[in-house]
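Novice: Quick one, protein.tsv (TSV, C-alpha atoms and all ligand atoms):
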```
chain	number	residue	atom	x	y	z
K	1321	MET	CA	0.00	0.00	0.00
K	1322	LYS	CA	2.68	2.41	-1.05
K	1323	ALA	CA	2.96	4.83	-3.99
K	1324	THR	CA	5.10	7.79	-5.03
K	1325	ALA	CA	3.99	10.66	-7.25
K	1326	LYS	CA	5.55	13.80	-8.68
K	1327	ALA	CA	3.68	17.02	-9.50
K	1328	HIS	CA	4.65	20.50	-10.68
K	1329	THR	CA	3.40	23.88	-9.59
K	1330	ASN	CA	1.38	26.05	-11.94
K	1331	ILE	CA	1.03	29.77	-12.55
K	1332	ALA	CA	-2.43	31.18	-13.17
K	1333	LEU	CA	-2.79	33.41	-16.24
K	1334	ILE	CA	-6.48	33.86	-15.44
K	1335	LYS	CA	-6.63	33.84	-11.65
K	1336	TYR	CA	-8.83	31.85	-9.30
K	1337	TRP	CA	-9.92	34.47	-6.78
K	1338	GLY	CA	-12.87	33.84	-4.47
K	1339	LYS	CA	-14.80	30.80	-3.30
K	1340	ARG	CA	-18.52	30.12	-3.45
K	1341	ASP	CA	-18.12	27.17	-1.05
K	1342	GLU	CA	-15.30	27.20	1.48
K	1343	PRO	CA	-15.22	23.59	2.76
K	1344	LEU	CA	-15.49	22.05	-0.72
K	1345	ILE	CA	-13.23	24.72	-2.27
K	1346	LEU	CA	-15.58	25.65	-5.09
K	1347	PRO	CA	-14.49	28.77	-6.95
K	1348	MET	CA	-16.57	31.74	-8.07
K	1349	ASN	CA	-14.80	31.80	-11.45
K	1350	ASN	CA	-13.05	29.57	-13.96
K	1351	SER	CA	-9.27	29.99	-14.05
K	1352	LEU	CA	-6.48	29.04	-16.45
K	1353	SER	CA	-2.86	28.20	-15.72
K	1354	LEU	CA	0.41	27.01	-17.15
K	1355	THR	CA	2.10	24.10	-15.38
K	1356	LEU	CA	5.79	24.90	-14.79
K	1357	ASP	CA	8.64	22.42	-15.08
K	1358	GLY	CA	10.93	24.34	-12.69
K	1359	PHE	CA	9.25	23.54	-9.38
K	1360	HIS	CA	7.95	20.20	-8.23
K	1361	THR	CA	7.06	18.08	-5.23
K	1362	THR	CA	7.68	14.34	-4.89
K	1363	THR	CA	5.50	12.55	-2.35
K	1364	SER	CA	5.43	8.95	-1.12
K	1365	VAL	CA	2.45	7.64	0.81
K	1366	ALA	CA	2.53	4.30	2.64
K	1367	PHE	CA	-0.62	3.14	4.44
K	1368	GLN	CA	0.41	0.83	7.26
K	1369	ASP	CA	-1.70	-1.16	9.72
K	1370	ARG	CA	0.87	-0.71	12.49
K	1371	LEU	CA	0.45	3.10	12.56
K	1372	THR	CA	-1.97	4.72	15.02
K	1373	ALA	CA	-1.63	8.23	13.56
K	1374	ASP	CA	-0.52	9.75	10.26
K	1375	GLN	CA	3.10	10.87	10.06
K	1376	PHE	CA	4.07	13.62	7.68
K	1377	TYR	CA	7.71	14.27	6.80
K	1378	LEU	CA	8.55	17.33	4.72
K	1379	ASN	CA	12.09	17.47	3.31
K	1380	ASN	CA	13.03	14.64	5.74
K	1381	ARG	CA	11.74	16.44	8.83
K	1382	LEU	CA	8.71	15.29	10.84
K	1383	VAL	CA	6.06	18.02	10.67
K	1384	GLU	CA	3.54	18.64	13.43
K	1385	GLY	CA	0.78	21.19	13.96
K	1386	ALA	CA	-1.44	22.88	11.38
K	1387	GLU	CA	0.50	21.76	8.30
K	1388	SER	CA	0.38	18.11	9.33
K	1389	ARG	CA	-3.32	18.36	10.27
K	1390	ARG	CA	-4.06	19.69	6.79
K	1391	VAL	CA	-2.43	16.58	5.32
K	1392	SER	CA	-4.39	14.28	7.66
K	1393	ILE	CA	-7.69	15.99	6.88
K	1394	PHE	CA	-6.95	15.46	3.20
K	1395	LEU	CA	-6.03	11.80	3.79
K	1396	ASP	CA	-9.39	11.40	5.64
K	1397	LEU	CA	-11.10	12.29	2.39
K	1398	ILE	CA	-9.12	9.65	0.48
K	1399	ARG	CA	-9.73	7.06	3.24
K	1400	LYS	CA	-13.45	7.78	3.20
K	1401	GLU	CA	-13.63	7.45	-0.60
K	1402	ALA	CA	-11.73	4.16	-0.42
K	1403	GLY	CA	-13.80	2.82	2.51
K	1404	ARG	CA	-10.63	2.42	4.60
K	1405	THR	CA	-11.14	4.88	7.46
K	1406	ASP	CA	-9.14	2.58	9.75
K	1407	VAL	CA	-5.68	2.91	8.21
K	1408	CYS	CA	-2.99	5.55	8.84
K	1409	ALA	CA	-0.18	6.65	6.56
K	1410	GLU	CA	3.42	7.64	6.57
K	1411	VAL	CA	3.90	10.49	4.11
K	1412	HIS	CA	7.29	11.67	2.83
K	1413	SER	CA	7.27	14.82	0.76
K	1414	THR	CA	10.20	16.58	-0.88
K	1415	ASN	CA	9.64	20.08	-2.16
K	1416	HIS	CA	11.74	21.29	-5.06
K	1417	VAL	CA	10.09	24.70	-4.70
K	1418	PRO	CA	11.82	27.63	-3.00
K	1419	THR	CA	9.17	27.85	-0.24
K	1420	ALA	CA	11.54	29.89	1.87
K	1421	ALA	CA	11.51	32.46	-0.93
K	1422	GLY	CA	7.76	32.86	-0.65
K	1423	PHE	CA	6.74	30.54	-3.46
K	1424	ALA	CA	3.63	28.53	-2.83
K	1425	SER	CA	4.18	24.78	-2.83
K	1426	SER	CA	0.57	23.87	-2.08
K	1427	ALA	CA	-0.27	23.25	-5.75
K	1428	SER	CA	2.48	20.71	-6.42
K	1429	GLY	CA	2.18	19.42	-2.84
K	1430	PHE	CA	-1.51	18.55	-2.90
K	1431	ALA	CA	-1.44	17.24	-6.47
K	1432	ALA	CA	1.40	14.83	-5.60
K	1433	LEU	CA	-0.24	13.87	-2.28
K	1434	ALA	CA	-3.61	13.17	-3.90
K	1435	ALA	CA	-2.06	11.02	-6.62
K	1436	ALA	CA	0.22	9.03	-4.29
K	1437	ALA	CA	-2.43	8.55	-1.58
K	1438	SER	CA	-5.20	7.44	-3.92
K	1439	LYS	CA	-2.90	4.96	-5.65
K	1440	ALA	CA	-1.46	3.66	-2.38
K	1441	ILE	CA	-4.91	2.97	-0.90
K	1442	GLY	CA	-6.12	1.34	-4.13
K	1443	LEU	CA	-8.69	3.98	-5.07
K	1444	PRO	CA	-9.23	3.74	-8.83
K	1445	VAL	CA	-9.39	7.34	-10.06
K	1446	ASN	CA	-9.04	8.86	-13.49
K	1447	GLU	CA	-7.40	12.26	-13.96
K	1448	GLN	CA	-10.68	14.14	-13.65
K	1449	GLU	CA	-11.55	12.41	-10.37
K	1450	LEU	CA	-8.02	13.04	-9.15
K	1451	SER	CA	-8.43	16.74	-9.96
K	1452	ILE	CA	-11.69	16.82	-7.94
K	1453	LEU	CA	-9.97	15.19	-4.97
K	1454	THR	CA	-6.93	17.48	-5.25
K	1455	ARG	CA	-9.14	20.58	-5.39
K	1456	GLN	CA	-10.38	19.78	-1.88
K	1457	GLY	CA	-6.82	19.97	-0.55
K	1458	SER	CA	-5.88	23.21	-2.29
K	1459	GLY	CA	-7.92	24.88	-5.02
K	1460	SER	CA	-5.22	25.86	-7.49
K	1461	ALA	CA	-3.61	22.40	-7.06
K	1462	CYS	CA	-6.42	20.79	-9.08
K	1463	ARG	CA	-4.85	22.35	-12.20
K	1464	SER	CA	-1.47	20.68	-11.56
K	1465	ILE	CA	-2.91	17.25	-12.46
K	1466	TYR	CA	-2.40	18.19	-16.10
K	1467	GLY	CA	0.63	19.57	-17.91
K	1468	GLY	CA	0.78	22.63	-20.16
K	1469	PHE	CA	-2.18	25.02	-20.30
K	1470	VAL	CA	-5.02	23.96	-18.04
K	1471	GLU	CA	-8.46	25.37	-17.26
K	1472	TRP	CA	-10.25	24.81	-13.96
K	1473	GLU	CA	-13.97	24.69	-14.72
K	1474	LYS	CA	-15.76	26.08	-11.70
K	1475	GLY	CA	-18.77	23.81	-12.24
K	1476	THR	CA	-22.32	24.50	-11.12
K	1477	LYS	CA	-23.19	21.55	-8.88
K	1478	ALA	CA	-23.40	22.04	-5.11
K	1479	ASP	CA	-21.41	18.86	-4.41
K	1480	GLY	CA	-18.44	19.96	-6.54
K	1481	SER	CA	-18.59	16.90	-8.78
K	1482	ASP	CA	-18.19	19.09	-11.89
K	1483	SER	CA	-15.51	21.45	-10.52
K	1484	HIS	CA	-12.20	20.19	-11.90
K	1485	ALA	CA	-9.38	20.93	-14.29
K	1486	VAL	CA	-9.40	20.17	-18.01
K	1487	PRO	CA	-6.37	20.21	-20.31
K	1488	VAL	CA	-6.30	23.08	-22.83
K	1489	ALA	CA	-2.95	22.50	-24.61
K	1490	PRO	CA	-0.08	20.14	-23.71
K	1491	ALA	CA	3.35	21.26	-22.45
K	1492	ASP	CA	4.96	20.83	-25.89
K	1493	HIS	CA	2.35	23.00	-27.62
K	1494	TRP	CA	4.35	26.20	-27.13
K	1495	ASP	CA	7.93	26.83	-26.02
K	1496	LEU	CA	7.42	29.70	-23.56
K	1497	ARG	CA	9.49	30.83	-20.57
K	1498	VAL	CA	8.35	31.95	-17.16
K	1499	ALA	CA	10.93	33.69	-14.96
K	1500	ALA	CA	10.03	33.49	-11.28
K	1501	VAL	CA	11.59	36.54	-9.70
K	1502	VAL	CA	12.50	35.85	-6.07
K	1503	LEU	CA	12.19	38.91	-3.85
K	1504	SER	CA	11.62	38.09	-0.32
K	1505	SER	CA	11.48	35.33	2.27
K	1506	ASP	CA	8.75	37.09	4.23
K	1507	GLU	CA	5.66	35.10	5.14
K	1508	LYS	CA	2.58	36.36	3.36
K	1509	LYS	CA	0.68	38.66	5.70
K	1510	VAL	CA	-2.73	37.83	4.25
K	1511	LEU	CA	-3.07	34.16	3.29
K	1512	SER	CA	-4.87	33.52	0.01
K	1513	ARG	CA	-7.77	31.87	1.84
K	1514	GLU	CA	-8.34	34.91	4.04
K	1515	GLY	CA	-7.61	37.38	1.24
K	1516	MET	CA	-10.20	35.76	-1.02
K	1517	LYS	CA	-12.83	35.75	1.70
K	1518	ARG	CA	-12.29	39.38	2.63
K	1519	THR	CA	-12.43	40.39	-1.03
K	1520	VAL	CA	-15.61	38.42	-1.77
K	1521	ASP	CA	-17.30	39.73	1.37
K	1522	THR	CA	-16.32	43.41	1.21
K	1523	SER	CA	-14.80	44.55	-2.11
K	1524	PRO	CA	-17.24	46.51	-4.32
K	1525	PHE	CA	-14.90	45.61	-7.22
K	1526	TYR	CA	-15.46	41.88	-6.74
K	1527	PRO	CA	-18.62	41.55	-8.91
K	1528	ALA	CA	-16.77	43.34	-11.74
K	1529	TRP	CA	-13.91	40.84	-11.38
K	1530	VAL	CA	-16.26	37.88	-11.79
K	1531	GLN	CA	-18.00	39.51	-14.76
K	1532	SER	CA	-14.69	40.07	-16.53
K	1533	ILE	CA	-13.65	36.41	-16.53
K	1534	PRO	CA	-15.63	34.83	-19.44
K	1535	ASP	CA	-14.27	37.30	-22.03
K	1536	ASP	CA	-10.70	36.93	-20.72
K	1537	LEU	CA	-10.96	33.16	-20.87
K	1538	GLU	CA	-12.33	33.02	-24.38
K	1539	ALA	CA	-9.69	35.43	-25.66
K	1540	ILE	CA	-6.75	33.79	-23.91
K	1541	LYS	CA	-7.74	30.35	-25.19
K	1542	GLU	CA	-7.79	31.78	-28.74
K	1543	GLY	CA	-4.36	33.32	-28.06
K	1544	ILE	CA	-3.00	29.99	-26.81
K	1545	ALA	CA	-4.39	28.09	-29.81
K	1546	GLU	CA	-2.88	30.67	-32.21
K	1547	LYS	CA	0.36	31.00	-30.17
K	1548	ASP	CA	-0.21	34.75	-30.16
K	1549	PHE	CA	2.22	35.77	-27.42
K	1550	GLU	CA	1.18	39.45	-27.18
K	1551	LYS	CA	-2.46	38.52	-26.89
K	1552	VAL	CA	-1.86	35.93	-24.16
K	1553	GLY	CA	0.54	38.19	-22.26
K	1554	GLU	CA	-1.71	41.25	-22.39
K	1555	ILE	CA	-4.73	39.31	-21.14
K	1556	ALA	CA	-2.75	37.60	-18.36
K	1557	GLU	CA	-1.23	40.87	-17.13
K	1558	ALA	CA	-4.55	42.73	-17.19
K	1559	ASN	CA	-6.28	39.86	-15.41
K	1560	CYS	CA	-3.61	39.89	-12.68
K	1561	LEU	CA	-3.99	43.64	-12.18
K	1562	ARG	CA	-7.76	43.30	-11.93
K	1563	MET	CA	-7.45	40.59	-9.29
K	1564	HIS	CA	-5.08	42.74	-7.23
K	1565	ALA	CA	-7.37	45.77	-7.67
K	1566	THR	CA	-10.13	43.88	-5.83
K	1567	THR	CA	-7.88	43.63	-2.74
K	1568	LEU	CA	-7.22	47.39	-2.70
K	1569	ALA	CA	-10.97	47.99	-2.56
K	1570	ALA	CA	-11.59	45.45	0.23
K	1571	ASN	CA	-12.37	46.42	3.81
K	1572	PRO	CA	-9.91	46.57	5.43
K	1573	PRO	CA	-7.89	47.10	2.25
K	1574	PHE	CA	-4.75	45.11	1.60
K	1575	SER	CA	-2.15	44.49	-1.08
K	1576	TYR	CA	0.33	41.68	-1.70
K	1577	TRP	CA	2.83	43.98	-3.39
K	1578	HIS	CA	6.16	45.20	-2.06
K	1579	SER	CA	8.05	48.16	-3.46
K	1580	THR	CA	10.25	45.71	-5.40
K	1581	THR	CA	7.11	44.14	-6.90
K	1582	LEU	CA	6.29	47.55	-8.39
K	1583	SER	CA	9.87	48.03	-9.60
K	1584	ILE	CA	9.69	44.73	-11.50
K	1585	MET	CA	6.35	45.62	-13.02
K	1586	GLN	CA	7.91	48.88	-14.19
K	1587	ALA	CA	10.97	47.07	-15.59
K	1588	VAL	CA	8.70	44.76	-17.59
K	1589	ARG	CA	6.76	47.72	-18.98
K	1590	GLN	CA	10.06	49.36	-19.92
K	1591	LEU	CA	11.15	46.19	-21.74
K	1592	ARG	CA	7.97	46.40	-23.79
K	1593	SER	CA	8.61	50.08	-24.61
K	1594	ASP	CA	12.04	48.95	-25.84
K	1595	GLY	CA	10.38	46.42	-28.13
K	1596	ILE	CA	10.89	43.26	-26.03
K	1597	PRO	CA	7.60	41.45	-25.48
K	1598	ALA	CA	7.38	40.45	-21.81
K	1599	PHE	CA	4.43	40.38	-19.42
K	1600	PHE	CA	4.09	39.92	-15.67
K	1601	THR	CA	1.69	38.12	-13.40
K	1602	ILE	CA	1.53	38.00	-9.59
K	1603	ASP	CA	-0.23	35.60	-7.22
K	1604	ALA	CA	-1.18	36.15	-3.59
K	1605	GLY	CA	2.29	37.32	-2.60
K	1606	PRO	CA	4.99	39.83	-3.56
K	1607	ASN	CA	6.90	37.68	-6.08
K	1608	VAL	CA	6.49	38.33	-9.78
K	1609	LYS	CA	6.48	35.86	-12.68
K	1610	VAL	CA	7.55	37.19	-16.07
K	1611	LEU	CA	6.38	35.55	-19.30
K	1612	TYR	CA	8.49	35.73	-22.44
K	1613	THR	CA	9.60	33.77	-25.49
K	1614	PRO	CA	12.98	31.96	-25.56
K	1615	GLU	CA	14.77	34.34	-27.95
K	1616	HIS	CA	14.66	37.11	-25.32
K	1617	GLU	CA	16.20	35.02	-22.53
K	1618	ASP	CA	19.40	37.07	-22.07
K	1619	ILE	CA	17.89	40.53	-22.03
K	1620	ILE	CA	15.07	39.45	-19.71
K	1621	ARG	CA	17.47	37.85	-17.23
K	1622	ASN	CA	19.85	40.83	-17.26
K	1623	THR	CA	17.05	43.33	-16.84
K	1624	LEU	CA	15.37	41.50	-13.97
K	1625	GLN	CA	18.62	40.74	-12.17
K	1626	ASN	CA	19.46	44.45	-12.15
K	1627	VAL	CA	16.26	45.53	-10.43
K	1628	PRO	CA	17.23	46.53	-6.85
K	1629	GLY	CA	15.73	44.10	-4.31
K	1630	VAL	CA	15.76	41.08	-6.65
K	1631	HIS	CA	17.54	38.12	-5.05
K	1632	ASP	CA	17.22	35.39	-7.63
K	1633	ILE	CA	15.57	34.35	-10.88
K	1634	LYS	CA	14.35	30.83	-11.61
K	1635	VAL	CA	13.35	30.13	-15.18
K	1636	SER	CA	10.73	27.49	-16.04
K	1637	ARG	CA	9.35	26.01	-19.22
K	1638	PRO	CA	5.91	24.47	-19.62
K	1639	GLY	CA	5.80	21.38	-17.40
K	1640	GLN	CA	4.12	17.96	-17.38
K	1641	GLY	CA	1.16	16.82	-15.33
K	1642	VAL	CA	1.27	14.49	-12.36
K	1643	SER	CA	3.20	11.22	-12.77
K	1644	PHE	CA	3.97	8.12	-10.72
K	1645	ILE	CA	7.50	7.09	-9.86
R	1	LIG	O1	-5.25	27.58	-4.22
R	1	LIG	P1	-4.77	28.71	-3.35
R	1	LIG	O2	-5.54	28.82	-2.08
R	1	LIG	O3	-3.30	28.70	-3.14
R	1	LIG	O4	-5.13	30.09	-4.12
R	1	LIG	C1	-4.46	30.49	-5.27
R	1	LIG	C2	-4.82	31.87	-5.65
R	1	LIG	C3	-3.93	32.53	-6.67
R	1	LIG	O5	-2.65	31.97	-6.66
R	1	LIG	C4	-3.81	34.00	-6.33
R	1	LIG	C5	-4.51	32.45	-8.08
R	1	LIG	C6	-4.45	31.11	-8.76
R	1	LIG	O6	-5.35	30.86	-9.56
R	1	LIG	O7	-3.51	30.32	-8.54
```
If you took the structure in this file and wrote it as structure tokens, what would it be?
Ligand code: PMV
Specialist:
Amino acid sequence: MKATAKAHTNIALIKYWGKRDEPLILPMNNSLSLTLDGFHTTTSVAFQDRLTADQFYLNNRLVEGAESRRVSIFLDLIRKEAGRTDVCAEVHSTNHVPTAAGFASSASGFAALAAAASKAIGLPVNEQELSILTRQGSGSACRSIYGGFVEWEKGTKADGSDSHAVPVAPADHWDLRVAAVVLSSDEKKVLSREGMKRTVDTSPFYPAWVQSIPDDLEAIKEGIAEKDFEKVGEIAEANCLRMHATTLAANPPFSYWHSTTLSIMQAVRQLRSDGIPAFFTIDAGPNVKVLYTPEHEDIIRNTLQNVPGVHDIKVSRPGQGVSFI
């Protein structure tokens, strides 16, 4: 009853921002991401009769407290589905994601955990069912089941059985680059869960955000199909700015940006003025991801590295979906 799985993180080009159901993690809007090959998590799950409690090791260290409870609560879901509520697991997870640098590892983490745990317990799931399970661990993780460009369909059913990812274009469809610009090792002050809730509950801009999604999605999927880089980049950057605008209008207001975040945004705009197509996107934290095409690798790297406050740059290509080892 043991299995090991590997999953990559993903970056949303059309953001998931706001839940309509908190416990089931059902989103208000569809979202679309690119799975990245640069960051991944490998997780082994072994269900063992001798264990009386789950044990979760992250990067070879036993984890206790909230993080380990989150893993156990997720395993409860898998146990319930498999009709094996009696059996505990030893979980070993290795993150190849610079978590200390403020990058979220929950997407690759929950996708790898869901895949390894369901296989280890003998739960026969296809990719869609795996995406539904994964979603209940961490929303954006449901997109990491697939490689390349992926849409998360919000679904309409109350039980979440139609809220899952669907592949849009595989990793080898388009040779893009995403530079993850590492700024800070600060913990996020407003976690995405809390930030979403505050925005949904109080931001007068939130309804406009939700209304803007269908047009963005349709246009970006056209752009992806046509490999129209400017179109995809412009939509992704505008969508990111709109998401962050909702937080500024929340009560109390908040923002994920640092001064260096703004400097990078400005550097990317300057690149465009100089004729280099590059676009930024930002999740629920201060770090920036910059999208570009491979021929501009050198100038993009040099420009970003020279922005004061930038510590490191990690470049990814489109990555594969979840796999078993
Ligand atoms: O799945 P969570 O709770 O980590 O939320 C992710 C939210 C964003 O990263 C801001 C957007 C997204 O779609 O990934």
Novice: Kindly provide, as AutoDock Vina command-line options, the centre and edge lengths (Å, one decimal) of an axis-aligned box around all atoms of region 1617-1622 of chain K given in the file, with 8 Å on each side.
Specialist:
```
--center_x 17.5 --center_y 37.9 --center_z -19.9 --size_x 20.8 --size_y 21.8 --size_z 21.3
```
Novice: Around ligand LIG 1 (chain R), at most 6 Å away and counting all atoms listed in the file, which residues are there? Put them as a list in words, please.
Specialist: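 The residues within 6 Å of ligand LIG 1 (chain R), counting all atoms listed in the file, are Ala1332, Lys1335, Tyr1336, Trp1337, Ser1458, Gly1459, Ser1460, Ser1512, Arg1513, Asp1603 and Ala1604 of chain K.
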Novice: Fewer than 2 positions away in the same chain doesn't count, so skip those; otherwise give me all residues within 10 Å of Thr1324 (chain K), counting only C-alpha atoms, as a VMD selection string.
Specialist: chain K and resid 1322 1326 1362 to 1366 1411 to 1413 1432 to 1433 1435 to 1437 1439 to 1440 1643 to 1645
Novice: With C-alpha atoms retained, could you export that selection as a PDB file, in the frame of the given file?
Specialist:
```
ATOM      1  CA  LYS K1322       2.680   2.410  -1.050  1.00  0.00           C
ATOM      2  CA  LYS K1326       5.550  13.800  -8.680  1.00  0.00           C
ATOM      3  CA  THR K1362       7.680  14.340  -4.890  1.00  0.00           C
ATOM      4  CA  THR K1363       5.500  12.550  -2.350  1.00  0.00           C
ATOM      5  CA  SER K1364       5.430   8.950  -1.120  1.00  0.00           C
ATOM      6  CA  VAL K1365       2.450   7.640   0.810  1.00  0.00           C
ATOM      7  CA  ALA K1366       2.530   4.300   2.640  1.00  0.00           C
ATOM      8  CA  VAL K1411       3.900  10.490   4.110  1.00  0.00           C
ATOM      9  CA  HIS K1412       7.290  11.670   2.830  1.00  0.00           C
ATOM     10  CA  SER K1413       7.270  14.820   0.760  1.00  0.00           C
ATOM     11  CA  ALA K1432       1.400  14.830  -5.600  1.00  0.00           C
ATOM     12  CA  LEU K1433      -0.240  13.870  -2.280  1.00  0.00           C
ATOM     13  CA  ALA K1435      -2.060  11.020  -6.620  1.00  0.00           C
ATOM     14  CA  ALA K1436       0.220   9.030  -4.290  1.00  0.00           C
ATOM     15  CA  ALA K1437      -2.430   8.550  -1.580  1.00  0.00           C
ATOM     16  CA  LYS K1439      -2.900   4.960  -5.650  1.00  0.00           C
ATOM     17  CA  ALA K1440      -1.460   3.660  -2.380  1.00  0.00           C
ATOM     18  CA  SER K1643       3.200  11.220 -12.770  1.00  0.00           C
ATOM     19  CA  PHE K1644       3.970   8.120 -10.720  1.00  0.00           C
ATOM     20  CA  ILE K1645       7.500   7.090  -9.860  1.00  0.00           C
TER      21      ILE K1645
END
```
Novice: Up to 10 Å from (-14.8, 29.0, -10.5) in the file's coordinates: name the residues, counting all atoms listed in the file, as a ChimeraX atom specification.
Specialist: /K:1335-1340,1345-1351,1459,1471-1476,1483-1484,1530,1533
Novice: Which residue is closest to Glu1557 (chain K)? Choose from K:Ala1373, K:Leu1511, K:Leu1333, K:Ile1540 and count only C-alpha atoms.
Specialist: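 Using only C-alpha atoms, the shortest distance to Glu1557 (chain K) belongs to K:Leu1333.
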Novice: Give the answer as one residue: which of K:Gly1467, K:Pro1343, K:Pro1614, K:Pro1573 has the shortest atom-to-atom distance to Asp1357 (chain K), using all atoms listed in the file?
Specialist: K:Gly1467
Novice: For region 1545-1556 of chain K, please output as an NGL selection string all residues within 9 Å (counting only C-alpha atoms; exclusion window: fewer than 2 positions along the same chain).
Specialist: :K and (1332-1335 or 1488-1489 or 1493-1494 or 1496 or 1536-1537 or 1539-1543 or 1558-1561 or 1597-1601 or 1611-1613)
Novice: Between CA of Ser1583 (chain K) and CA of Val1627 (chain K), what is the distance in Å, rounded to a tenth?
Specialist: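 CA of Ser1583 (chain K) sits 6.9 Å away from CA of Val1627 (chain K).
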Novice: Using all atoms listed in the file, which of K:Thr1566, K:Asn1626, K:Ser1523, K:Ser1451 sits nearest Ala1587 (chain K)?
Specialist: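 Residue with the minimum atom-to-atom distance to Ala1587 (chain K): K:Asn1626.
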Novice: Can you sort out region 1434-1454 of chain K so it carries N, CA and C atoms, written as a PDB file, keeping the file's coordinate frame?
Specialist:
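What ended up in selection27.pdb:
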```pdb
ATOM      1  N   ALA K1434      -2.368  13.800  -3.458  1.00  0.00           N
ATOM      2  CA  ALA K1434      -3.610  13.170  -3.900  1.00  0.00           C
ATOM      3  C   ALA K1434      -3.323  11.960  -4.781  1.00  0.00           C
ATOM      4  N   ALA K1435      -2.379  12.110  -5.700  1.00  0.00           N
ATOM      5  CA  ALA K1435      -2.060  11.020  -6.620  1.00  0.00           C
ATOM      6  C   ALA K1435      -1.452   9.840  -5.869  1.00  0.00           C
ATOM      7  N   ALA K1436      -0.470  10.121  -5.006  1.00  0.00           N
ATOM      8  CA  ALA K1436       0.220   9.030  -4.290  1.00  0.00           C
ATOM      9  C   ALA K1436      -0.746   8.343  -3.325  1.00  0.00           C
ATOM     10  N   ALA K1437      -1.536   9.138  -2.595  1.00  0.00           N
ATOM     11  CA  ALA K1437      -2.430   8.550  -1.580  1.00  0.00           C
ATOM     12  C   ALA K1437      -3.521   7.713  -2.228  1.00  0.00           C
ATOM     13  N   SER K1438      -4.115   8.206  -3.319  1.00  0.00           N
ATOM     14  CA  SER K1438      -5.200   7.440  -3.920  1.00  0.00           C
ATOM     15  C   SER K1438      -4.666   6.141  -4.522  1.00  0.00           C
ATOM     16  N   LYS K1439      -3.471   6.190  -5.094  1.00  0.00           N
ATOM     17  CA  LYS K1439      -2.900   4.960  -5.650  1.00  0.00           C
ATOM     18  C   LYS K1439      -2.515   3.990  -4.528  1.00  0.00           C
ATOM     19  N   ALA K1440      -1.916   4.525  -3.476  1.00  0.00           N
ATOM     20  CA  ALA K1440      -1.460   3.660  -2.380  1.00  0.00           C
ATOM     21  C   ALA K1440      -2.634   2.930  -1.711  1.00  0.00           C
ATOM     22  N   ILE K1441      -3.759   3.592  -1.592  1.00  0.00           N
ATOM     23  CA  ILE K1441      -4.910   2.970  -0.900  1.00  0.00           C
ATOM     24  C   ILE K1441      -5.767   2.137  -1.867  1.00  0.00           C
ATOM     25  N   GLY K1442      -5.409   2.168  -3.149  1.00  0.00           N
ATOM     26  CA  GLY K1442      -6.120   1.340  -4.130  1.00  0.00           C
ATOM     27  C   GLY K1442      -7.419   1.947  -4.602  1.00  0.00           C
ATOM     28  N   LEU K1443      -7.486   3.294  -4.607  1.00  0.00           N
ATOM     29  CA  LEU K1443      -8.690   3.980  -5.070  1.00  0.00           C
ATOM     30  C   LEU K1443      -8.554   4.209  -6.570  1.00  0.00           C
ATOM     31  N   PRO K1444      -9.407   3.560  -7.383  1.00  0.00           N
ATOM     32  CA  PRO K1444      -9.230   3.740  -8.830  1.00  0.00           C
ATOM     33  C   PRO K1444      -9.785   5.096  -9.272  1.00  0.00           C
ATOM     34  N   VAL K1445      -8.921   6.017  -9.610  1.00  0.00           N
ATOM     35  CA  VAL K1445      -9.390   7.340 -10.060  1.00  0.00           C
ATOM     36  C   VAL K1445      -8.776   7.687 -11.409  1.00  0.00           C
ATOM     37  N   ASN K1446      -9.602   8.306 -12.257  1.00  0.00           N
ATOM     38  CA  ASN K1446      -9.040   8.860 -13.490  1.00  0.00           C
ATOM     39  C   ASN K1446      -8.543  10.273 -13.209  1.00  0.00           C
ATOM     40  N   GLU K1447      -7.997  10.944 -14.214  1.00  0.00           N
ATOM     41  CA  GLU K1447      -7.400  12.260 -13.960  1.00  0.00           C
ATOM     42  C   GLU K1447      -8.429  13.284 -13.483  1.00  0.00           C
ATOM     43  N   GLN K1448      -9.636  13.189 -14.049  1.00  0.00           N
ATOM     44  CA  GLN K1448     -10.680  14.140 -13.650  1.00  0.00           C
ATOM     45  C   GLN K1448     -11.056  13.950 -12.179  1.00  0.00           C
ATOM     46  N   GLU K1449     -11.205  12.692 -11.780  1.00  0.00           N
ATOM     47  CA  GLU K1449     -11.550  12.410 -10.370  1.00  0.00           C
ATOM     48  C   GLU K1449     -10.399  12.822  -9.446  1.00  0.00           C
ATOM     49  N   LEU K1450      -9.188  12.635  -9.941  1.00  0.00           N
ATOM     50  CA  LEU K1450      -8.020  13.040  -9.150  1.00  0.00           C
ATOM     51  C   LEU K1450      -7.991  14.566  -8.987  1.00  0.00           C
ATOM     52  N   SER K1451      -8.381  15.271 -10.027  1.00  0.00           N
ATOM     53  CA  SER K1451      -8.430  16.740  -9.960  1.00  0.00           C
ATOM     54  C   SER K1451      -9.487  17.181  -8.944  1.00  0.00           C
ATOM     55  N   ILE K1452     -10.617  16.481  -8.906  1.00  0.00           N
ATOM     56  CA  ILE K1452     -11.690  16.820  -7.940  1.00  0.00           C
ATOM     57  C   ILE K1452     -11.199  16.577  -6.512  1.00  0.00           C
ATOM     58  N   LEU K1453     -10.518  15.465  -6.307  1.00  0.00           N
ATOM     59  CA  LEU K1453      -9.970  15.190  -4.970  1.00  0.00           C
ATOM     60  C   LEU K1453      -8.940  16.255  -4.589  1.00  0.00           C
ATOM     61  N   THR K1454      -8.018  16.525  -5.507  1.00  0.00           N
ATOM     62  CA  THR K1454      -6.930  17.480  -5.250  1.00  0.00           C
ATOM     63  C   THR K1454      -7.485  18.856  -4.902  1.00  0.00           C
TER      64      THR K1454
END
```
